[in-house]
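This is run-v8.txt (compact mmCIF, C-alpha atoms).
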```txt
# COMPACT_ATOMS: atom_id res chain seq x y z
CA MET A 1 45.20 -9.20 7.70
CA LYS A 2 42.37 -11.68 8.26
CA ILE A 3 42.63 -15.14 6.73
CA GLY A 4 39.25 -16.44 5.56
CA TYR A 5 37.90 -19.97 5.83
CA ARG A 6 38.09 -20.43 2.07
CA THR A 7 41.82 -19.70 2.17
CA ILE A 8 42.31 -22.12 5.06
CA LYS A 9 40.37 -24.84 3.23
CA THR A 10 42.41 -24.29 0.08
CA ALA A 11 45.67 -24.43 2.03
CA ALA A 12 44.58 -27.64 3.80
CA GLY A 13 42.80 -29.32 0.92
CA THR A 14 45.57 -29.02 -1.67
CA PRO A 15 48.20 -31.09 0.20
CA ILE A 16 45.51 -33.56 1.34
CA ALA A 17 44.40 -34.19 -2.26
CA ILE A 18 48.00 -34.54 -3.47
CA THR A 19 48.81 -36.97 -0.63
CA ILE A 20 45.75 -39.13 -1.36
CA ALA A 21 46.61 -39.18 -5.08
CA GLN A 22 50.17 -40.23 -4.28
CA LEU A 23 48.96 -43.03 -1.98
CA PHE A 24 46.77 -44.37 -4.78
CA GLY A 25 49.68 -44.15 -7.18
CA VAL A 26 47.96 -41.71 -9.51
CA SER A 27 50.13 -40.19 -12.22
CA ASN A 28 50.14 -36.38 -12.41
CA PHE A 29 49.18 -36.45 -8.71
CA VAL A 30 49.91 -32.71 -8.46
CA SER A 31 46.83 -32.15 -10.66
CA ALA A 32 44.67 -33.41 -7.78
CA GLY A 33 45.75 -30.36 -5.79
CA ILE A 34 44.91 -28.10 -8.74
CA LEU A 35 41.43 -29.62 -9.02
CA THR A 36 40.84 -29.09 -5.30
CA ILE A 37 41.92 -25.43 -5.52
CA LEU A 38 39.47 -24.86 -8.39
CA CYS A 39 36.60 -26.55 -6.55
CA ILE A 40 36.72 -24.80 -3.15
CA GLN A 41 33.57 -22.63 -2.93
CA PRO A 42 32.18 -20.08 -0.41
CA SER A 43 28.93 -21.98 0.28
CA ARG A 44 27.55 -25.54 0.38
CA LYS A 45 25.12 -24.98 -2.48
CA ARG A 46 27.82 -23.57 -4.74
CA SER A 47 30.09 -26.43 -3.68
CA TYR A 48 27.60 -29.10 -4.75
CA LEU A 49 26.83 -27.32 -8.01
CA SER A 50 30.53 -26.79 -8.66
CA ALA A 51 31.27 -30.47 -8.05
CA TRP A 52 28.53 -31.52 -10.49
CA HIS A 53 29.58 -29.03 -13.17
CA ARG A 54 33.23 -29.98 -12.96
CA LEU A 55 32.60 -33.72 -12.87
CA LEU A 56 30.39 -33.60 -15.96
CA ALA A 57 32.82 -31.28 -17.77
CA CYS A 58 35.73 -33.63 -16.99
CA LEU A 59 33.81 -36.65 -18.28
CA LEU A 60 32.99 -34.75 -21.47
CA ALA A 61 36.65 -33.75 -21.74
CA ILE A 62 37.74 -37.40 -21.68
CA VAL A 63 35.28 -38.30 -24.45
CA PHE A 64 36.27 -35.32 -26.63
CA SER A 65 39.97 -35.93 -26.04
CA TYR A 66 39.67 -39.54 -27.14
CA VAL A 67 37.82 -38.61 -30.34
CA PHE A 68 40.07 -35.73 -31.39
CA PHE A 69 43.45 -36.99 -30.21
CA GLU A 70 43.03 -40.53 -31.49
CA VAL A 71 41.62 -39.38 -34.83
CA LEU A 72 43.67 -36.22 -35.52
CA GLY A 73 46.74 -37.10 -33.50
CA TYR A 74 48.43 -35.66 -30.43
CA ASN A 75 49.39 -32.23 -31.70
CA PRO A 76 48.56 -28.58 -30.87
CA ILE A 77 46.14 -28.31 -33.78
CA SER A 78 44.06 -31.17 -32.37
CA VAL A 79 43.91 -29.39 -29.01
CA GLY A 80 42.65 -26.18 -30.65
CA LEU A 81 40.02 -27.98 -32.75
CA MET A 82 38.87 -30.00 -29.77
CA LEU A 83 38.38 -26.86 -27.66
CA LEU A 84 36.35 -25.29 -30.49
CA ALA A 85 33.90 -28.17 -30.13
CA PHE A 86 34.26 -28.80 -26.40
CA ILE A 87 33.61 -25.31 -25.03
CA PRO A 88 30.28 -24.77 -26.90
CA THR A 89 29.21 -28.20 -25.64
CA THR A 90 29.83 -27.17 -22.02
CA VAL A 91 27.79 -24.04 -22.68
CA TYR A 92 24.95 -26.17 -24.08
CA PHE A 93 24.97 -28.42 -21.00
CA ARG A 94 25.40 -25.39 -18.71
CA VAL A 95 28.60 -26.65 -17.11
CA THR A 96 30.94 -23.84 -18.14
CA PRO A 97 32.34 -23.48 -14.57
CA GLY A 98 33.99 -26.84 -15.23
CA ILE A 99 36.05 -25.67 -18.21
CA ALA A 100 39.11 -24.77 -16.12
CA THR A 101 38.99 -28.08 -14.23
CA SER A 102 38.50 -30.16 -17.36
CA SER A 103 41.39 -28.33 -19.04
CA VAL A 104 43.72 -29.97 -16.50
CA ILE A 105 42.48 -33.41 -17.60
CA ILE A 106 42.69 -32.51 -21.29
CA LEU A 107 46.32 -31.46 -20.97
CA ASN A 108 47.15 -34.59 -18.96
CA LEU A 109 45.63 -36.74 -21.70
CA TYR A 110 47.44 -34.77 -24.37
CA ALA A 111 50.78 -35.17 -22.57
CA SER A 112 50.25 -38.96 -22.27
CA ASN A 113 50.46 -39.26 -26.07
CA ALA A 114 48.26 -42.36 -25.85
CA MET A 115 44.85 -42.85 -24.22
CA THR A 116 45.01 -46.32 -22.77
CA TYR A 117 42.28 -47.86 -20.65
CA ASP A 118 44.49 -47.75 -17.53
CA PHE A 119 45.41 -44.10 -18.04
CA VAL A 120 41.76 -43.07 -18.46
CA LEU A 121 40.95 -44.86 -15.17
CA ASP A 122 43.92 -43.08 -13.67
CA GLN A 123 42.47 -39.70 -14.69
CA LEU A 124 39.01 -40.63 -13.42
CA LEU A 125 40.53 -41.42 -10.04
CA LEU A 126 42.36 -38.09 -10.16
CA ILE A 127 39.06 -36.31 -10.82
CA PHE A 128 37.26 -38.00 -7.92
CA ILE A 129 40.12 -37.32 -5.50
CA GLY A 130 40.44 -33.63 -6.44
CA ILE A 131 36.72 -32.84 -6.55
CA GLY A 132 35.89 -35.15 -3.64
CA THR A 133 38.44 -33.54 -1.32
CA ALA A 134 37.02 -30.09 -2.00
CA LEU A 135 33.47 -31.37 -1.55
CA VAL A 136 34.26 -32.89 1.86
CA LEU A 137 36.00 -29.71 3.04
CA ASN A 138 33.07 -27.57 1.88
CA VAL A 139 30.62 -29.56 4.03
CA TYR A 140 31.72 -27.40 6.97
CA MET A 141 30.71 -23.78 6.65
CA PRO A 142 31.10 -21.34 9.58
CA SER A 143 28.01 -19.60 10.91
CA LEU A 144 27.53 -16.06 9.65
CA ASP A 145 25.15 -15.05 12.47
CA ASN A 146 27.74 -12.95 14.30
CA GLU A 147 28.63 -11.03 11.12
CA LEU A 148 24.96 -10.48 10.30
CA ASN A 149 24.24 -9.32 13.83
CA GLU A 150 27.13 -6.85 13.62
CA LYS A 151 25.82 -5.53 10.29
CA GLN A 152 22.42 -5.05 11.92
CA LYS A 153 23.91 -3.04 14.79
CA GLN A 154 26.00 -0.87 12.44
CA LEU A 155 22.98 -0.27 10.23
CA GLU A 156 20.76 0.79 13.12
CA LYS A 157 23.49 3.09 14.41
CA ASN A 158 23.68 4.80 11.00
CA PHE A 159 19.90 5.15 10.88
CA GLN A 160 20.01 6.84 14.28
CA VAL A 161 22.66 9.30 13.07
CA ILE A 162 20.76 10.12 9.87
CA LEU A 163 17.49 10.73 11.72
CA HIS A 164 19.27 12.79 14.37
CA GLU A 165 20.98 14.93 11.72
CA ILE A 166 17.62 15.51 10.02
CA ALA A 167 16.22 16.70 13.35
CA LEU A 168 19.16 19.09 13.80
CA TYR A 169 18.68 20.54 10.34
CA VAL A 170 14.95 21.01 10.81
CA ARG A 171 15.53 22.80 14.09
CA ASN A 172 18.60 24.92 13.28
CA LYS A 173 18.79 25.05 9.45
CA ASP A 174 22.55 25.22 9.81
CA ILE A 175 24.54 22.08 10.55
CA ASP A 176 27.86 20.68 9.51
CA TRP A 177 27.19 17.07 8.43
CA ASP A 178 29.27 15.36 5.75
CA GLY A 179 26.60 12.70 5.11
CA LYS A 180 29.09 9.82 5.27
CA GLU A 181 26.47 7.64 6.95
CA ILE A 182 24.51 7.68 3.70
CA THR A 183 27.30 6.04 1.68
CA GLU A 184 28.19 3.77 4.62
CA THR A 185 24.60 2.55 4.82
CA GLU A 186 24.49 1.77 1.10
CA LYS A 187 27.62 -0.33 1.48
CA LEU A 188 26.36 -2.01 4.65
CA LEU A 189 23.12 -3.06 2.96
CA GLU A 190 25.01 -4.55 0.02
CA GLU A 191 27.39 -6.45 2.29
CA ALA A 192 24.55 -7.65 4.52
CA TRP A 193 22.55 -8.90 1.54
CA ASP A 194 25.58 -10.82 0.23
CA LEU A 195 26.01 -12.43 3.66
CA VAL A 196 22.33 -13.38 3.80
CA GLU A 197 22.47 -15.02 0.37
CA ARG A 198 25.68 -16.88 1.22
CA ASP A 199 24.29 -18.07 4.57
CA LYS A 200 21.08 -19.17 2.88
CA GLU A 201 23.13 -21.27 0.44
CA ASN A 202 24.75 -22.99 3.43
CA HIS A 203 21.34 -24.21 4.66
CA LEU A 204 19.92 -26.08 1.67
CA LEU A 205 16.78 -27.27 3.47
CA ARG A 206 15.84 -23.82 4.78
CA SER A 207 13.66 -21.82 2.38
CA GLU A 208 13.65 -18.60 4.42
CA HIS A 209 16.39 -16.74 6.26
CA PRO A 210 15.77 -14.93 9.60
CA TYR A 211 17.69 -11.82 8.47
CA ARG A 212 16.38 -11.69 4.91
CA GLU A 213 13.17 -9.74 5.60
CA TYR A 214 14.92 -7.53 8.15
CA PHE A 215 17.52 -6.20 5.72
CA ARG A 216 14.91 -5.93 2.96
CA MET A 217 12.79 -3.78 5.29
CA ARG A 218 15.79 -1.60 6.21
CA ALA A 219 16.71 -1.17 2.53
CA ARG A 220 13.23 0.14 1.74
CA GLN A 221 13.31 2.40 4.79
CA PHE A 222 16.67 3.74 3.66
CA GLU A 223 15.17 4.66 0.28
CA LEU A 224 12.50 6.63 2.12
CA LEU A 225 15.11 8.40 4.25
CA GLN A 226 16.91 9.48 1.10
CA ARG A 227 13.65 10.87 -0.27
CA MET A 228 13.05 12.76 2.99
CA LEU A 229 16.37 14.64 2.86
CA PRO A 230 15.42 17.14 0.11
CA LEU A 231 11.97 17.62 1.65
CA VAL A 232 13.27 18.77 5.04
CA THR A 233 15.15 21.59 3.34
CA LYS A 234 11.79 23.00 2.20
CA LEU A 235 10.03 23.01 5.55
CA PRO A 236 8.53 26.25 6.85
CA ASN A 237 10.62 28.47 9.10
CA LYS A 238 7.88 28.62 11.69
CA VAL A 239 9.40 27.84 15.05
CA ILE A 240 6.46 25.75 16.29
CA THR A 241 6.22 23.63 13.13
CA SER A 242 9.96 23.05 12.90
CA GLU A 243 10.24 22.16 16.57
CA LYS A 244 7.43 19.60 16.40
CA VAL A 245 8.89 17.90 13.31
CA ALA A 246 12.41 17.99 14.77
CA SER A 247 11.21 16.44 18.03
CA PHE A 248 9.44 13.68 16.12
CA PHE A 249 12.61 12.82 14.18
CA GLU A 250 14.59 12.77 17.43
CA LYS A 251 12.16 10.26 18.90
CA LEU A 252 12.49 8.11 15.79
CA ALA A 253 16.28 8.26 16.09
CA GLU A 254 16.16 7.12 19.72
CA ASN A 255 14.00 4.13 18.83
CA VAL A 256 15.86 2.55 15.91
CA THR A 257 16.05 -0.97 17.38
CA PRO A 258 14.99 -4.51 16.46
CA ALA A 259 11.86 -3.88 18.56
CA ASN A 260 8.66 -2.81 16.83
CA ARG A 261 7.09 0.29 18.39
CA ALA A 262 5.82 1.67 15.10
CA SER A 263 2.18 1.75 16.23
CA ILE A 264 3.02 4.36 18.91
CA PHE A 265 4.71 6.66 16.40
CA LEU A 266 1.99 6.18 13.80
CA LYS A 267 -0.57 7.38 16.34
CA GLU A 268 1.59 10.37 17.23
CA LEU A 269 2.11 11.09 13.52
CA ASP A 270 -1.65 11.14 12.93
CA GLU A 271 -2.01 13.70 15.69
CA LEU A 272 0.77 15.78 14.18
CA LYS A 273 -0.84 15.65 10.73
CA GLN A 274 -4.15 16.73 12.22
CA GLU A 275 -2.50 19.68 13.96
CA PHE A 276 -0.94 20.89 10.71
CA ALA A 277 -4.20 20.32 8.84
CA ASP A 278 -6.06 22.54 11.34
CA GLU A 279 -3.76 25.47 10.65
CA ASP A 280 -4.94 28.34 8.46
CA LEU A 281 -5.04 27.60 4.76
CA PRO A 282 -2.11 28.95 2.70
CA THR A 283 -2.77 32.28 1.00
CA THR A 284 0.21 32.44 -1.36
CA ARG A 285 1.82 30.05 -3.79
CA GLU A 286 4.93 29.84 -1.64
CA GLU A 287 2.92 28.93 1.45
CA PHE A 288 1.01 26.34 -0.58
CA GLU A 289 4.26 24.70 -1.80
CA ILE A 290 5.65 24.68 1.76
CA ARG A 291 2.46 23.02 3.05
CA ALA A 292 2.59 20.44 0.23
CA ASN A 293 6.21 19.57 1.02
CA LEU A 294 5.38 19.25 4.70
CA PHE A 295 2.61 16.75 4.04
CA ARG A 296 4.80 14.87 1.55
CA LEU A 297 7.39 14.54 4.29
CA LEU A 298 4.81 13.29 6.77
CA HIS A 299 3.63 10.78 4.17
CA GLU A 300 7.17 9.46 3.71
CA ILE A 301 7.54 9.13 7.49
CA GLU A 302 4.27 7.21 7.61
CA ASP A 303 5.50 4.78 4.93
CA TYR A 304 8.76 4.41 6.88
CA LEU A 305 6.84 3.40 10.01
CA LEU A 306 4.41 1.12 8.15
CA LEU A 307 7.33 -0.88 6.80
CA LYS A 308 8.46 -1.63 10.35
CA LYS A 309 4.90 -2.36 11.46
CA LYS A 310 4.48 -4.95 8.68
CA TYR A 311 7.91 -6.47 9.31
CA LYS A 312 7.10 -8.06 12.67
CA LYS A 313 4.48 -8.23 15.42
CA SER A 314 4.27 -5.15 17.60
CA ASP A 315 6.26 -5.15 20.85
CA VAL A 316 4.25 -2.35 22.40
CA SER A 317 1.53 -4.20 24.27
CA THR A 318 3.35 -7.45 25.09
CA GLY A 319 5.25 -6.02 28.05
CA LYS A 320 8.21 -8.28 27.28
CA LYS A 321 11.80 -7.23 27.53
CA ILE A 322 13.37 -6.45 24.20
CA VAL A 323 16.84 -7.79 23.64
CA ARG A 324 18.95 -6.16 20.97
CA GLY A 325 20.10 -8.48 18.29
```
For the file at hand, write its structure as structure tokens.
Amino acid sequence: MKIGYRTIKTAAGTPIAITIAQLFGVSNFVSAGILTILCIQPSRKRSYLSAWHRLLACLLAIVFSYVFFEVLGYNPISVGLMLLAFIPTTVYFRVTPGIATSSVIILNLYASNAMTYDFVLDQLLLIFIGIGTALVLNVYMPSLDNELNEKQKQLEKNFQVILHEIALYVRNKDIDWDGKEITETEKLLEEAWDLVERDKENHLLRSEHPYREYFRMRARQFELLQRMLPLVTKLPNKVITSEKVASFFEKLAENVTPANRASIFLKELDELKQEFADEDLPTTREEFEIRANLFRLLHEIEDYLLLKKKYKKSDVSTGKKIVRG
């Protein structure tokens, strides 16, 4: 079982916050650990937002507690009435993530049975220690580049399998493929996108992410692959036609890499389309439908290649060595 950085930070931050609170002589020092647990976040951006939301909510909680407890008394009914007013206020100020944190302060104030100046300062110190400890720990966020690179490799491997299986079906019309790469790819794209968004939130001054456009391009290509699958089942049984299409898919499968060689395949695709266009015109409705499906498939392949061509500069004419990654 893998232990994540968030778990490690929580395990380290809780005793640190409690220790600091004890050194400052804060009452209810255990609450500092609770506040730290509630404030640990998976990214820097969420950490800063969380700290702001929880700080503002706690300050509001102190004000509401003073008004309700001092006016209506320290009893359960006062707590219920205060929450009826407090929670909608947090919604209005858009700090609802701080409700759980501020509840700790509310209950501490309720248990004190008297809101003195010193005790309010005591709770403010508790808030700054708990939230501050989490904020400091969240400054460090591990790089996600290795995970993103691994997702890229897995995704390209699945694309190769899908394209290869399409080629086998076109050529033989009888294959045993369970299609698990389809569902795996859907999951990979979702996981990769979550990683990209989280990594982007860790770099607040960076507006773009190097993997963002890559996975967006692959997601759109994957949609096209899914649309190709039913079309290949309707291809003509002509040996020459099937072999040419199958060979083209095999070449695509062998060249699923970070490199951009789309221009080569687009040129070859144009030649293939011209060859099919020069064939005799269909004479029956069935032949017409087969020809229409063939050209629809070629159109989908063209869109697939254009996506890669637009994604990055072509690597065909540069003569440079392409490094996977």
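Closest approach to Gln221 of chain A among A:Phe159, A:Trp193, A:Tyr304, A:Phe288: A:Tyr304, based on all atoms listed in the file.
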Can you pull out every residue within 10 Å of Leu55 of chain A, counting all atoms listed in the file, but drop anything in the same chain fewer than 4 positions away, and send it as an mmCIF file with C-alpha atoms, keeping the file's coordinate frame?
```cif
data_model
loop_
_atom_site.group_PDB
_atom_site.id
_atom_site.type_symbol
_atom_site.label_atom_id
_atom_site.label_comp_id
_atom_site.auth_asym_id
_atom_site.auth_seq_id
_atom_site.Cartn_x
_atom_site.Cartn_y
_atom_site.Cartn_z
ATOM 1 C CA LEU A 49 26.830 -27.320 -8.010
ATOM 2 C CA SER A 50 30.530 -26.790 -8.660
ATOM 3 C CA ALA A 51 31.270 -30.470 -8.050
ATOM 4 C CA LEU A 59 33.810 -36.650 -18.280
ATOM 5 C CA LEU A 60 32.990 -34.750 -21.470
ATOM 6 C CA ALA A 61 36.650 -33.750 -21.740
ATOM 7 C CA VAL A 95 28.600 -26.650 -17.110
ATOM 8 C CA GLY A 98 33.990 -26.840 -15.230
ATOM 9 C CA THR A 101 38.990 -28.080 -14.230
ATOM 10 C CA SER A 102 38.500 -30.160 -17.360
ATOM 11 C CA LEU A 124 39.010 -40.630 -13.420
ATOM 12 C CA ILE A 127 39.060 -36.310 -10.820
ATOM 13 C CA PHE A 128 37.260 -38.000 -7.920
ATOM 14 C CA ILE A 131 36.720 -32.840 -6.550
ATOM 15 C CA GLY A 132 35.890 -35.150 -3.640
#
```
What's the separation between atom CA of Ile162 of chain A and atom CA of Leu298 of chain A, in Å to one decimal place?
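Calculated distance between atom CA of Ile162 of chain A and atom CA of Leu298 of chain A is 16.6 Å.
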Write out as a list in words the residues lying within 6 Å of segment 14-26 of chain A, counting only C-alpha atoms and excluding same-chain residues fewer than 6 positions away.
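Final neighbour list, sorted by chain and number: Ala32, Gly33, Thr36, Asp122 and Gly130 of chain A.
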Surrounding residues of Glu275 of chain A excluding itself and chain neighbours under 3 positions, 12 Å, all atoms listed in the file, as a list in words
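Surrounding residues, per the criterion: Ile240, Thr241, Lys244, Val245, Glu268, Leu269, Asp270, Glu271, Leu272, Asp278, Glu279, Asp280 and Phe295 of chain A.
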Residue nearest Ile129 of chain A among A:Tyr117, A:Lys180, A:Cys39, A:Phe69 (counting all atoms listed in the file):
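Once distances to Ile129 of chain A are computed over all atoms listed in the file, the minimum belongs to A:Cys39.
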Give me, as a list in words, all polymer residues having an atom no more than 10 Å from Ala192 of chain A, counting all atoms listed in the file and skipping those fewer than 2 positions away in the same chain.
Glu147, Leu148, Asn149, Glu150, Lys151, Gln152, Leu155, Lys187, Leu188, Leu189, Glu190, Asp194, Leu195, Val196, Glu197, Arg198, Tyr211, Arg212, Phe215 and Arg216 of chain A
How many Å separate atom CA of Arg94 of chain A from atom CA of Asn75 of chain A?
28.1 Å
At a cut-off of 8 Å, using all atoms listed in the file, what residues contact Asn158 of chain A? Leave out same-chain residues fewer than 4 positions from it and give the result as a list in words.
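Residues meeting the cut-off are Gln154, Ile162, Glu181, Ile182, Glu184 and Thr185 of chain A.
Atom CA of Ala12 of chain A to atom CA of Thr96 of chain A spans 26.1 Å [interatomic distance, one decimal].
Among the candidates A:Thr10, A:Ala246, A:Val232, A:Met217, the one nearest to Tyr311 of chain A when counting all atoms listed in the file is A:Met217.
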